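Text of the file my_file35.csv, holding CSV, C-alpha atoms:
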chain,number,residue,atom,x,y,z
I,10,SER,CA,123.6,117.1,123.8
I,11,ILE,CA,123.3,120.1,121.5
I,12,SER,CA,122.3,123.6,122.6
I,13,GLY,CA,122.0,127.0,120.9
I,14,TYR,CA,119.6,129.8,120.2
I,15,SER,CA,118.3,129.3,116.6
I,16,ARG,CA,118.7,127.0,113.6
I,17,ILE,CA,119.8,124.1,115.8
I,18,GLY,CA,119.7,120.5,114.5
I,19,GLY,CA,120.8,117.1,115.8
I,20,LEU,CA,123.1,116.8,112.7
I,21,ILE,CA,122.9,120.1,110.7
I,22,GLY,CA,121.9,123.6,111.9
I,23,ASN,CA,121.2,125.3,108.5
I,24,ALA,CA,121.1,123.5,105.2
I,25,ASP,CA,121.1,126.2,102.5
I,26,GLY,CA,122.0,126.1,98.8
I,27,ASN,CA,120.7,123.2,96.8
I,28,ASN,CA,122.2,120.5,99.0
I,29,ILE,CA,121.2,116.9,98.8
I,30,ILE,CA,121.4,115.2,102.2
I,31,ARG,CA,120.7,111.4,102.3
I,32,ASN,CA,121.1,108.3,104.3
I,33,VAL,CA,121.8,110.0,107.7
I,34,TYR,CA,120.2,110.0,111.1
I,35,SER,CA,120.4,111.6,114.5
I,36,LYS,CA,119.8,110.4,118.0
I,37,ASP,CA,120.5,113.4,120.3
I,38,SER,CA,119.2,115.9,122.7
I,39,VAL,CA,118.6,119.2,121.0
I,40,ASN,CA,117.8,122.4,122.9
I,41,GLY,CA,117.2,125.9,121.7
I,42,GLU,CA,114.8,128.8,121.2
I,43,SER,CA,113.5,128.5,117.6
I,44,PHE,CA,114.0,126.6,114.3
I,45,ILE,CA,114.9,123.4,116.1
I,46,GLY,CA,115.0,120.0,114.3
I,47,GLY,CA,115.8,116.5,115.4
I,48,LEU,CA,118.0,116.3,112.3
I,49,ILE,CA,118.1,119.7,110.6
I,50,GLY,CA,117.2,123.1,112.1
I,51,ARG,CA,116.4,124.8,108.8
I,52,LEU,CA,116.1,123.1,105.4
I,53,TYR,CA,116.2,125.8,102.7
I,54,ASN,CA,116.1,124.9,98.9
I,55,SER,CA,117.8,121.6,99.8
I,56,THR,CA,116.6,118.0,99.7
I,57,LEU,CA,116.5,115.4,102.5
I,58,ILE,CA,116.2,111.8,101.4
I,59,ASN,CA,116.2,108.5,103.3
I,60,SER,CA,116.9,109.9,106.7
I,61,TYR,CA,115.5,109.9,110.2
I,62,SER,CA,115.7,111.3,113.7
I,63,ILE,CA,115.0,109.7,117.1
I,64,SER,CA,115.9,112.7,119.2
I,65,SER,CA,114.7,114.6,122.3
I,66,LEU,CA,113.8,118.2,121.4
I,67,ASN,CA,113.2,121.2,123.7
I,68,GLY,CA,112.5,124.7,122.7
I,69,TYR,CA,110.0,127.6,122.3
I,70,SER,CA,108.7,127.7,118.7
I,71,ASP,CA,109.3,126.3,115.2
I,72,ILE,CA,110.2,122.8,116.4
I,73,GLY,CA,110.0,119.8,114.1
I,74,GLY,CA,110.8,116.2,115.0
I,75,LEU,CA,112.9,116.0,111.8
I,76,VAL,CA,113.2,119.5,110.5
I,77,GLY,CA,112.6,122.8,112.4
I,78,SER,CA,111.8,125.0,109.3
I,79,ASP,CA,111.3,123.9,105.7
I,80,PRO,CA,111.0,127.0,103.4
I,81,GLY,CA,111.2,125.4,100.0
I,82,GLY,CA,113.1,122.3,101.0
I,83,LYS,CA,112.1,118.7,100.0
I,84,ILE,CA,111.7,115.7,102.3
I,85,LYS,CA,111.4,112.2,100.8
I,86,TYR,CA,111.3,108.7,102.3
I,87,SER,CA,112.2,109.9,105.8
I,88,TYR,CA,110.7,109.7,109.3
I,89,SER,CA,110.9,111.2,112.8
I,90,ALA,CA,110.3,109.3,116.1
I,91,SER,CA,111.5,112.3,118.1
I,92,LYS,CA,109.9,113.5,121.3
I,93,ILE,CA,109.2,117.2,121.6
I,94,THR,CA,108.9,119.4,124.7
I,95,SER,CA,107.9,123.1,124.3
I,96,THR,CA,106.6,125.9,126.5
I,97,THR,CA,104.3,127.0,123.7
I,98,SER,CA,102.2,125.5,120.9
I,99,SER,CA,103.6,127.8,118.2
I,100,ASN,CA,104.6,125.8,115.1
I,101,ILE,CA,105.3,122.5,116.7
I,102,GLY,CA,105.2,119.5,114.3
I,103,GLY,CA,106.0,115.8,114.5
I,104,LEU,CA,107.9,116.1,111.2
I,105,ILE,CA,108.2,119.8,110.4
I,106,GLY,CA,107.9,122.9,112.6
I,107,THR,CA,107.4,125.6,110.1
I,108,TRP,CA,106.3,124.6,106.6
I,109,PRO,CA,105.4,127.7,104.5
I,110,SER,CA,105.7,126.0,101.1
I,111,HIS,CA,103.1,123.2,101.8
I,112,GLU,CA,104.7,121.0,99.2
I,113,ASN,CA,107.5,118.6,98.4
I,114,ILE,CA,106.9,116.0,101.1
I,115,GLU,CA,106.8,112.3,100.0
I,116,HIS,CA,106.3,109.1,101.8
I,117,SER,CA,107.4,110.4,105.2
I,118,PHE,CA,106.3,109.5,108.7
I,119,PHE,CA,106.2,111.0,112.2
I,120,LEU,CA,105.5,109.7,115.7
I,121,LEU,CA,102.1,110.6,117.0
I,122,PHE,CA,101.8,112.7,120.2
I,123,PRO,CA,98.7,114.3,121.7
I,124,GLY,CA,98.1,117.7,120.2
I,125,ILE,CA,101.0,117.5,117.7
I,126,ASN,CA,100.4,117.0,114.0
I,127,GLY,CA,102.8,116.5,111.2
I,128,SER,CA,103.5,120.2,110.6
I,129,GLY,CA,103.3,123.1,113.0
I,130,ASP,CA,100.5,124.7,111.0
I,131,ASN,CA,98.4,121.5,110.9
I,132,PHE,CA,98.4,121.5,107.1
I,133,ASN,CA,98.9,118.2,105.4
I,134,PRO,CA,97.7,118.2,101.8
I,135,TYR,CA,97.5,114.9,100.0
I,136,GLY,CA,98.6,113.1,103.2
I,137,GLN,CA,102.3,113.3,102.5
I,138,MET,CA,103.0,113.1,106.2
I,139,ILE,CA,101.7,110.0,108.0
I,140,GLY,CA,101.4,109.8,111.8
I,141,LEU,CA,102.0,106.5,113.5
I,142,SER,CA,101.9,105.2,117.0
I,143,SER,CA,105.2,103.8,118.3
I,144,SER,CA,103.9,100.2,118.0
I,145,ASN,CA,102.8,100.7,114.4
I,146,PHE,CA,106.2,102.1,113.5
I,147,LYS,CA,107.8,99.0,114.9
I,148,THR,CA,105.4,96.3,113.7
I,149,ASN,CA,103.9,97.6,110.5
I,150,CYS,CA,106.3,96.4,107.7
I,151,SER,CA,104.4,98.4,105.1
I,152,VAL,CA,106.1,101.5,106.6
I,153,VAL,CA,109.4,100.2,105.3
I,154,SER,CA,108.0,99.3,102.0
I,155,GLN,CA,106.7,102.9,101.6
I,156,LEU,CA,110.0,104.3,102.7
I,157,ASN,CA,111.6,102.2,100.0
I,158,ASN,CA,109.1,103.5,97.5
I,159,PHE,CA,107.6,99.9,97.1
I,160,LYS,CA,110.9,98.6,95.7
I,161,TYR,CA,112.3,95.2,96.5
I,162,SER,CA,115.6,96.7,97.6
I,163,GLY,CA,116.1,100.1,99.0
I,164,SER,CA,117.8,102.2,101.7
I,165,TRP,CA,115.5,101.0,104.5
I,166,ARG,CA,115.4,97.7,106.5
I,167,TRP,CA,112.6,96.5,108.7
I,168,VAL,CA,113.9,95.5,112.2
I,169,GLY,CA,111.2,93.7,114.1
I,170,ASP,CA,113.5,93.6,117.1
I,171,THR,CA,113.5,96.2,119.9
I,172,THR,CA,117.1,95.5,120.7
I,173,ILE,CA,118.1,97.1,117.3
I,174,ASN,CA,117.4,100.8,117.0
I,175,ASN,CA,114.6,100.4,119.6
I,176,GLY,CA,112.6,98.6,117.0
I,177,TYR,CA,112.4,101.5,114.5
I,178,PRO,CA,113.4,101.1,110.8
I,179,ILE,CA,117.1,101.4,110.1
I,180,LEU,CA,119.2,102.3,107.1
I,181,TYR,CA,120.9,99.6,105.1
I,182,TRP,CA,124.4,100.6,106.3
I,183,GLN,CA,123.7,100.5,110.0
I,184,ASN,CA,124.7,97.7,112.3
I,185,GLY,CA,122.0,95.0,112.3
I,186,ALA,CA,120.8,95.9,108.8
I,187,ASP,CA,122.7,92.9,107.3
I,188,THR,CA,120.5,90.5,109.3
I,189,ASN,CA,117.2,92.2,108.3
I,190,ASN,CA,115.5,92.5,105.0
I,191,SER,CA,113.5,95.3,103.5
I,192,ASP,CA,110.2,93.6,104.2
I,193,CYS,CA,108.7,91.6,107.0
I,194,TRP,CA,109.6,88.1,106.2
I,195,ASN,CA,112.6,86.1,107.4
I,196,GLY,CA,115.0,85.2,104.6
I,197,GLN,CA,116.6,87.1,101.7
I,198,GLY,CA,114.2,86.3,98.9
I,199,SER,CA,116.7,84.2,97.0
I,200,ILE,CA,116.2,80.7,95.7
I,201,ASN,CA,118.5,79.3,98.4
I,202,ASN,CA,117.2,81.5,101.1
I,203,PRO,CA,113.6,82.4,100.2
I,204,TYR,CA,111.3,84.7,102.2
I,205,ASN,CA,109.3,82.6,104.7
I,206,ILE,CA,105.5,82.8,104.7
I,207,ASN,CA,104.3,81.5,108.1
I,208,TYR,CA,101.0,83.2,108.9
I,209,THR,CA,97.8,84.6,107.2
I,210,LYS,CA,99.1,88.1,108.0
I,211,ASP,CA,102.2,87.4,105.8
I,212,ILE,CA,100.0,86.7,102.8
I,213,ILE,CA,97.8,89.7,103.5
I,214,VAL,CA,100.8,92.0,103.8
I,215,LEU,CA,102.3,90.7,100.5
I,216,SER,CA,99.0,91.1,98.7
I,217,ASP,CA,98.6,94.7,100.1
I,218,LEU,CA,102.2,95.6,99.0
I,219,VAL,CA,101.6,94.2,95.5
I,220,MET,CA,98.3,96.1,95.2
I,221,LYS,CA,100.3,99.3,96.1
I,222,GLY,CA,102.8,98.7,93.4
I,223,ALA,CA,105.6,96.6,95.0
I,224,LYS,CA,107.5,94.5,92.5
I,225,TYR,CA,108.9,91.0,93.4
I,226,ASP,CA,110.2,89.8,90.1
I,227,SER,CA,112.8,87.0,90.5
I,228,THR,CA,112.0,86.9,94.3
I,229,PHE,CA,111.4,83.6,96.0
I,230,PHE,CA,108.9,82.8,98.8
I,231,LYS,CA,108.3,79.6,100.7
I,232,VAL,CA,105.1,78.7,102.6
I,233,GLN,CA,106.5,77.0,105.7
I,234,ASN,CA,103.3,75.4,107.0
I,235,ASP,CA,99.6,75.0,106.4
I,236,ILE,CA,97.8,78.3,106.8
I,237,ASN,CA,94.2,78.4,108.0
I,238,PHE,CA,92.3,81.6,107.2
I,239,LYS,CA,89.9,80.8,110.0
I,240,GLN,CA,86.9,82.3,108.1
I,241,GLY,CA,88.7,85.6,107.6
I,242,ILE,CA,90.2,85.9,111.1
I,243,ILE,CA,93.9,86.9,110.8
I,244,ASP,CA,96.2,84.4,112.3
I,245,SER,CA,98.9,86.8,113.6
I,246,SER,CA,100.5,84.6,116.3
Any chance you could give the structure as structure tokens?
Amino acid sequence: SISGYSRIGGLIGNADGNNIIRNVYSKDSVNGESFIGGLIGRLYNSTLINSYSISSLNGYSDIGGLVGSDPGGKIKYSYSASKITSTTSSNIGGLIGTWPSHENIEHSFFLLFPGINGSGDNFNPYGQMIGLSSSNFKTNCSVVSQLNNFKYSGSWRWVGDTTINNGYPILYWQNGADTNNSDCWNGQGSINNPYNINYTKDIIVLSDLVMKGAKYDSTFFKVQNDINFKQGIIDSS
């Protein structure tokens, strides 16, 4: 548990001065008054990449599931599944508490809660911050593809198993990542261990990812059994 007054984060209190922070996470209880973040309290002129927070936050104002305050910082390919408790509704955001710059957010996600949007001021131009339910976070493999910027190999791995990281996406270096690939299919995409296509939904997911720009050059897939589209009904069993 971490407690303080201001600029309190699960990992970093104040990131100031053109820092690049990448491939980190926090799972903690963070308590304070203001500028409270699940990962970073205040991100100023610095960049956060490929990182996440699954924390419990409690404070008064300027509270973000990932970053408490983001004056001029950048957040890319990151997410928050933090839970937030506050005695006020002042600048409380699923991803960012205070976001004065209104820019520099890319492919980032936050856990939906009633009355809480991506940023504390409810501003989300161009949809840089995407809110998801807990079940969508854990079962929608396109989330990981977007976190990986639609690349075949990236920093993120899809879990599909609630015993690992409570089912939320994990970073490539975490325990359990070596048994999970960056997409939804079992296998590794190699000629000797191809990705397995079992259901209609697997084909639909693959088609959607390719349409969004994912590249699978020199990647191998194997259809494991007959697939019946059932007149357009998705076989997702």
Taking a cut-off of 8 Å and counting all atoms listed in the file, can you build a table that, for each residue of stretch 95-154 of chain I near stretch 66-86 of chain I, reports the nearest atom pair and how far apart they are in Å (one decimal), sorted by chain then residue number, as JSON lines?
{"residue": "I:Ser95", "atom": "CA", "partner": "I:Gly68", "partner_atom": "CA", "distance": 5.1}
{"residue": "I:Thr96", "atom": "CA", "partner": "I:Tyr69", "partner_atom": "CA", "distance": 5.7}
{"residue": "I:Thr97", "atom": "CA", "partner": "I:Tyr69", "partner_atom": "CA", "distance": 5.9}
{"residue": "I:Ser98", "atom": "CA", "partner": "I:Ser70", "partner_atom": "CA", "distance": 7.2}
{"residue": "I:Ser99", "atom": "CA", "partner": "I:Ser70", "partner_atom": "CA", "distance": 5.1}
{"residue": "I:Asn100", "atom": "CA", "partner": "I:Asp71", "partner_atom": "CA", "distance": 4.7}
{"residue": "I:Ile101", "atom": "CA", "partner": "I:Ile72", "partner_atom": "CA", "distance": 4.9}
{"residue": "I:Gly102", "atom": "CA", "partner": "I:Gly73", "partner_atom": "CA", "distance": 4.8}
{"residue": "I:Gly103", "atom": "CA", "partner": "I:Gly74", "partner_atom": "CA", "distance": 4.8}
{"residue": "I:Leu104", "atom": "CA", "partner": "I:Gly74", "partner_atom": "CA", "distance": 4.8}
{"residue": "I:Ile105", "atom": "CA", "partner": "I:Gly73", "partner_atom": "CA", "distance": 4.1}
{"residue": "I:Gly106", "atom": "CA", "partner": "I:Gly73", "partner_atom": "CA", "distance": 4.0}
{"residue": "I:Thr107", "atom": "CA", "partner": "I:Ser78", "partner_atom": "CA", "distance": 4.5}
{"residue": "I:Trp108", "atom": "CA", "partner": "I:Asp79", "partner_atom": "CA", "distance": 5.1}
{"residue": "I:Pro109", "atom": "CA", "partner": "I:Pro80", "partner_atom": "CA", "distance": 5.7}
{"residue": "I:Ser110", "atom": "CA", "partner": "I:Gly81", "partner_atom": "CA", "distance": 5.6}
{"residue": "I:Glu112", "atom": "CA", "partner": "I:Lys83", "partner_atom": "CA", "distance": 7.8}
{"residue": "I:Asn113", "atom": "CA", "partner": "I:Lys83", "partner_atom": "CA", "distance": 4.9}
{"residue": "I:Ile114", "atom": "CA", "partner": "I:Ile84", "partner_atom": "CA", "distance": 5.0}
{"residue": "I:Glu115", "atom": "CA", "partner": "I:Lys85", "partner_atom": "CA", "distance": 4.7}
{"residue": "I:His116", "atom": "CA", "partner": "I:Tyr86", "partner_atom": "CA", "distance": 5.0}
{"residue": "I:Ser117", "atom": "CA", "partner": "I:Tyr86", "partner_atom": "CA", "distance": 5.1}
{"residue": "I:Phe119", "atom": "CA", "partner": "I:Gly74", "partner_atom": "CA", "distance": 7.5}
{"residue": "I:Ser128", "atom": "CA", "partner": "I:Gly73", "partner_atom": "CA", "distance": 7.4}
{"residue": "I:Gly129", "atom": "CA", "partner": "I:Asp71", "partner_atom": "CA", "distance": 7.1}
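Summary of the local environment: counting only C-alpha atoms, residues at most 8 Å from I:Gly22, other than itself and those fewer than 5 positions away along its chain, are Arg16, Ile17, Ile49, Gly50 and Arg51 of chain I.
When all atoms listed in the file are used to compute distances to I:Gly127, the closest of the residues I:Tyr88, I:Trp182, I:Trp165, I:Tyr177 turns out to be I:Tyr88.
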Original post:
From the set I:Ala90, I:Val39, I:Val153, I:Leu218, which residue has the shortest atom-to-atom contact distance to I:Gly18, counting only C-alpha atoms?
Top reply: I:Val39
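Among I:Gln183, I:Asp226, I:Tyr34, I:Val219, the residue with the shortest atom-to-atom distance to I:Gly198, counting all atoms listed in the file, is I:Asp226.
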**OP:** To one decimal in Å, tell me the separation between atom CA of I:Gln137 and atom CA of I:Phe118.
**Re:** 8.3 Å
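Pairwise distance (atom CA of I:Ser12, atom CA of I:Gly46) equals 11.6 Å.
Non-sequential neighbours of I:Asp235 (distance at most 10 Å, separation of 5 or more positions within a chain, all atoms listed in the file) are Ile206, Asn207, Tyr208 and Thr209 of chain I.
Across the structure, atom CA of I:Phe230 and atom CA of I:Ser216 are spaced 12.9 Å apart.
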Would you fill the gaps in stretch 116-127 of chain I so it has all heavy atoms, then print it as an mmCIF file, in the coordinates of the input?
data_model
loop_
_atom_site.group_PDB
_atom_site.id
_atom_site.type_symbol
_atom_site.label_atom_id
_atom_site.label_comp_id
_atom_site.auth_asym_id
_atom_site.auth_seq_id
_atom_site.Cartn_x
_atom_site.Cartn_y
_atom_site.Cartn_z
ATOM 1 N N HIS I 116 106.158 110.299 101.095
ATOM 2 C CA HIS I 116 106.300 109.100 101.800
ATOM 3 C C HIS I 116 107.153 109.263 103.115
ATOM 4 O O HIS I 116 108.173 108.604 103.336
ATOM 5 C CB HIS I 116 107.023 108.006 100.961
ATOM 6 C CG HIS I 116 106.212 107.559 99.796
ATOM 7 N ND1 HIS I 116 105.049 106.842 99.919
ATOM 8 C CD2 HIS I 116 106.389 107.745 98.464
ATOM 9 C CE1 HIS I 116 104.545 106.593 98.723
ATOM 10 N NE2 HIS I 116 105.327 107.145 97.824
ATOM 11 N N SER I 117 106.696 110.153 103.974
ATOM 12 C CA SER I 117 107.400 110.400 105.200
ATOM 13 C C SER I 117 106.465 110.262 106.406
ATOM 14 O O SER I 117 105.253 110.475 106.308
ATOM 15 C CB SER I 117 108.008 111.840 105.186
ATOM 16 O OG SER I 117 109.024 111.918 104.195
ATOM 17 N N PHE I 118 107.030 109.910 107.567
ATOM 18 C CA PHE I 118 106.300 109.500 108.700
ATOM 19 C C PHE I 118 106.721 110.258 109.972
ATOM 20 O O PHE I 118 107.865 110.685 110.068
ATOM 21 C CB PHE I 118 106.391 108.008 108.962
ATOM 22 C CG PHE I 118 105.913 107.166 107.810
ATOM 23 C CD1 PHE I 118 106.752 106.898 106.737
ATOM 24 C CD2 PHE I 118 104.630 106.644 107.801
ATOM 25 C CE1 PHE I 118 106.315 106.126 105.663
ATOM 26 C CE2 PHE I 118 104.186 105.874 106.741
ATOM 27 C CZ PHE I 118 105.024 105.614 105.672
ATOM 28 N N PHE I 119 105.800 110.357 110.938
ATOM 29 C CA PHE I 119 106.200 111.000 112.200
ATOM 30 C C PHE I 119 105.460 110.249 113.354
ATOM 31 O O PHE I 119 104.417 109.614 113.163
ATOM 32 C CB PHE I 119 105.797 112.468 112.227
ATOM 33 C CG PHE I 119 104.325 112.760 112.137
ATOM 34 C CD1 PHE I 119 103.562 112.951 113.283
ATOM 35 C CD2 PHE I 119 103.697 112.842 110.904
ATOM 36 C CE1 PHE I 119 102.203 113.218 113.192
ATOM 37 C CE2 PHE I 119 102.341 113.117 110.796
ATOM 38 C CZ PHE I 119 101.590 113.299 111.951
ATOM 39 N N LEU I 120 106.041 110.358 114.530
ATOM 40 C CA LEU I 120 105.500 109.700 115.700
ATOM 41 C C LEU I 120 104.381 110.547 116.295
ATOM 42 O O LEU I 120 104.533 111.746 116.527
ATOM 43 C CB LEU I 120 106.614 109.513 116.753
ATOM 44 C CG LEU I 120 106.264 108.741 118.022
ATOM 45 C CD1 LEU I 120 105.850 107.302 117.690
ATOM 46 C CD2 LEU I 120 107.458 108.736 118.976
ATOM 47 N N LEU I 121 103.236 109.910 116.521
ATOM 48 C CA LEU I 121 102.100 110.600 117.000
ATOM 49 C C LEU I 121 102.218 110.969 118.511
ATOM 50 O O LEU I 121 102.619 110.123 119.322
ATOM 51 C CB LEU I 121 100.819 109.758 116.855
ATOM 52 C CG LEU I 121 100.239 109.645 115.437
ATOM 53 C CD1 LEU I 121 99.162 108.579 115.407
ATOM 54 C CD2 LEU I 121 99.698 110.993 114.966
ATOM 55 N N PHE I 122 101.886 112.222 118.839
ATOM 56 C CA PHE I 122 101.800 112.700 120.200
ATOM 57 C C PHE I 122 100.514 113.494 120.351
ATOM 58 O O PHE I 122 100.107 114.178 119.401
ATOM 59 C CB PHE I 122 102.990 113.549 120.610
ATOM 60 C CG PHE I 122 104.246 112.776 120.893
ATOM 61 C CD1 PHE I 122 105.227 112.660 119.923
ATOM 62 C CD2 PHE I 122 104.445 112.178 122.129
ATOM 63 C CE1 PHE I 122 106.372 111.955 120.176
ATOM 64 C CE2 PHE I 122 105.600 111.466 122.383
ATOM 65 C CZ PHE I 122 106.568 111.354 121.410
ATOM 66 N N PRO I 123 99.881 113.480 121.509
ATOM 67 C CA PRO I 123 98.700 114.300 121.700
ATOM 68 C C PRO I 123 98.887 115.748 121.388
ATOM 69 O O PRO I 123 99.814 116.361 121.910
ATOM 70 C CB PRO I 123 98.304 114.050 123.163
ATOM 71 C CG PRO I 123 98.921 112.734 123.509
ATOM 72 C CD PRO I 123 100.189 112.672 122.705
ATOM 73 N N GLY I 124 98.053 116.305 120.527
ATOM 74 C CA GLY I 124 98.100 117.700 120.200
ATOM 75 C C GLY I 124 99.167 118.128 119.217
ATOM 76 O O GLY I 124 99.317 119.311 118.898
ATOM 77 N N ILE I 125 99.926 117.158 118.677
ATOM 78 C CA ILE I 125 101.000 117.500 117.700
ATOM 79 C C ILE I 125 100.695 116.778 116.399
ATOM 80 O O ILE I 125 100.557 115.555 116.353
ATOM 81 C CB ILE I 125 102.366 117.076 118.236
ATOM 82 C CG1 ILE I 125 102.716 117.885 119.488
ATOM 83 C CG2 ILE I 125 103.441 117.291 117.164
ATOM 84 C CD1 ILE I 125 104.066 117.542 120.078
ATOM 85 N N ASN I 126 100.584 117.553 115.320
ATOM 86 C CA ASN I 126 100.400 117.000 114.000
ATOM 87 C C ASN I 126 101.689 116.954 113.220
ATOM 88 O O ASN I 126 102.758 117.229 113.770
ATOM 89 C CB ASN I 126 99.335 117.841 113.243
ATOM 90 C CG ASN I 126 97.948 117.690 113.827
ATOM 91 O OD1 ASN I 126 97.371 116.609 113.795
ATOM 92 N ND2 ASN I 126 97.422 118.767 114.377
ATOM 93 N N GLY I 127 101.600 116.606 111.949
ATOM 94 C CA GLY I 127 102.800 116.500 111.200
ATOM 95 C C GLY I 127 103.582 117.751 110.973
ATOM 96 O O GLY I 127 104.802 117.780 111.025
#
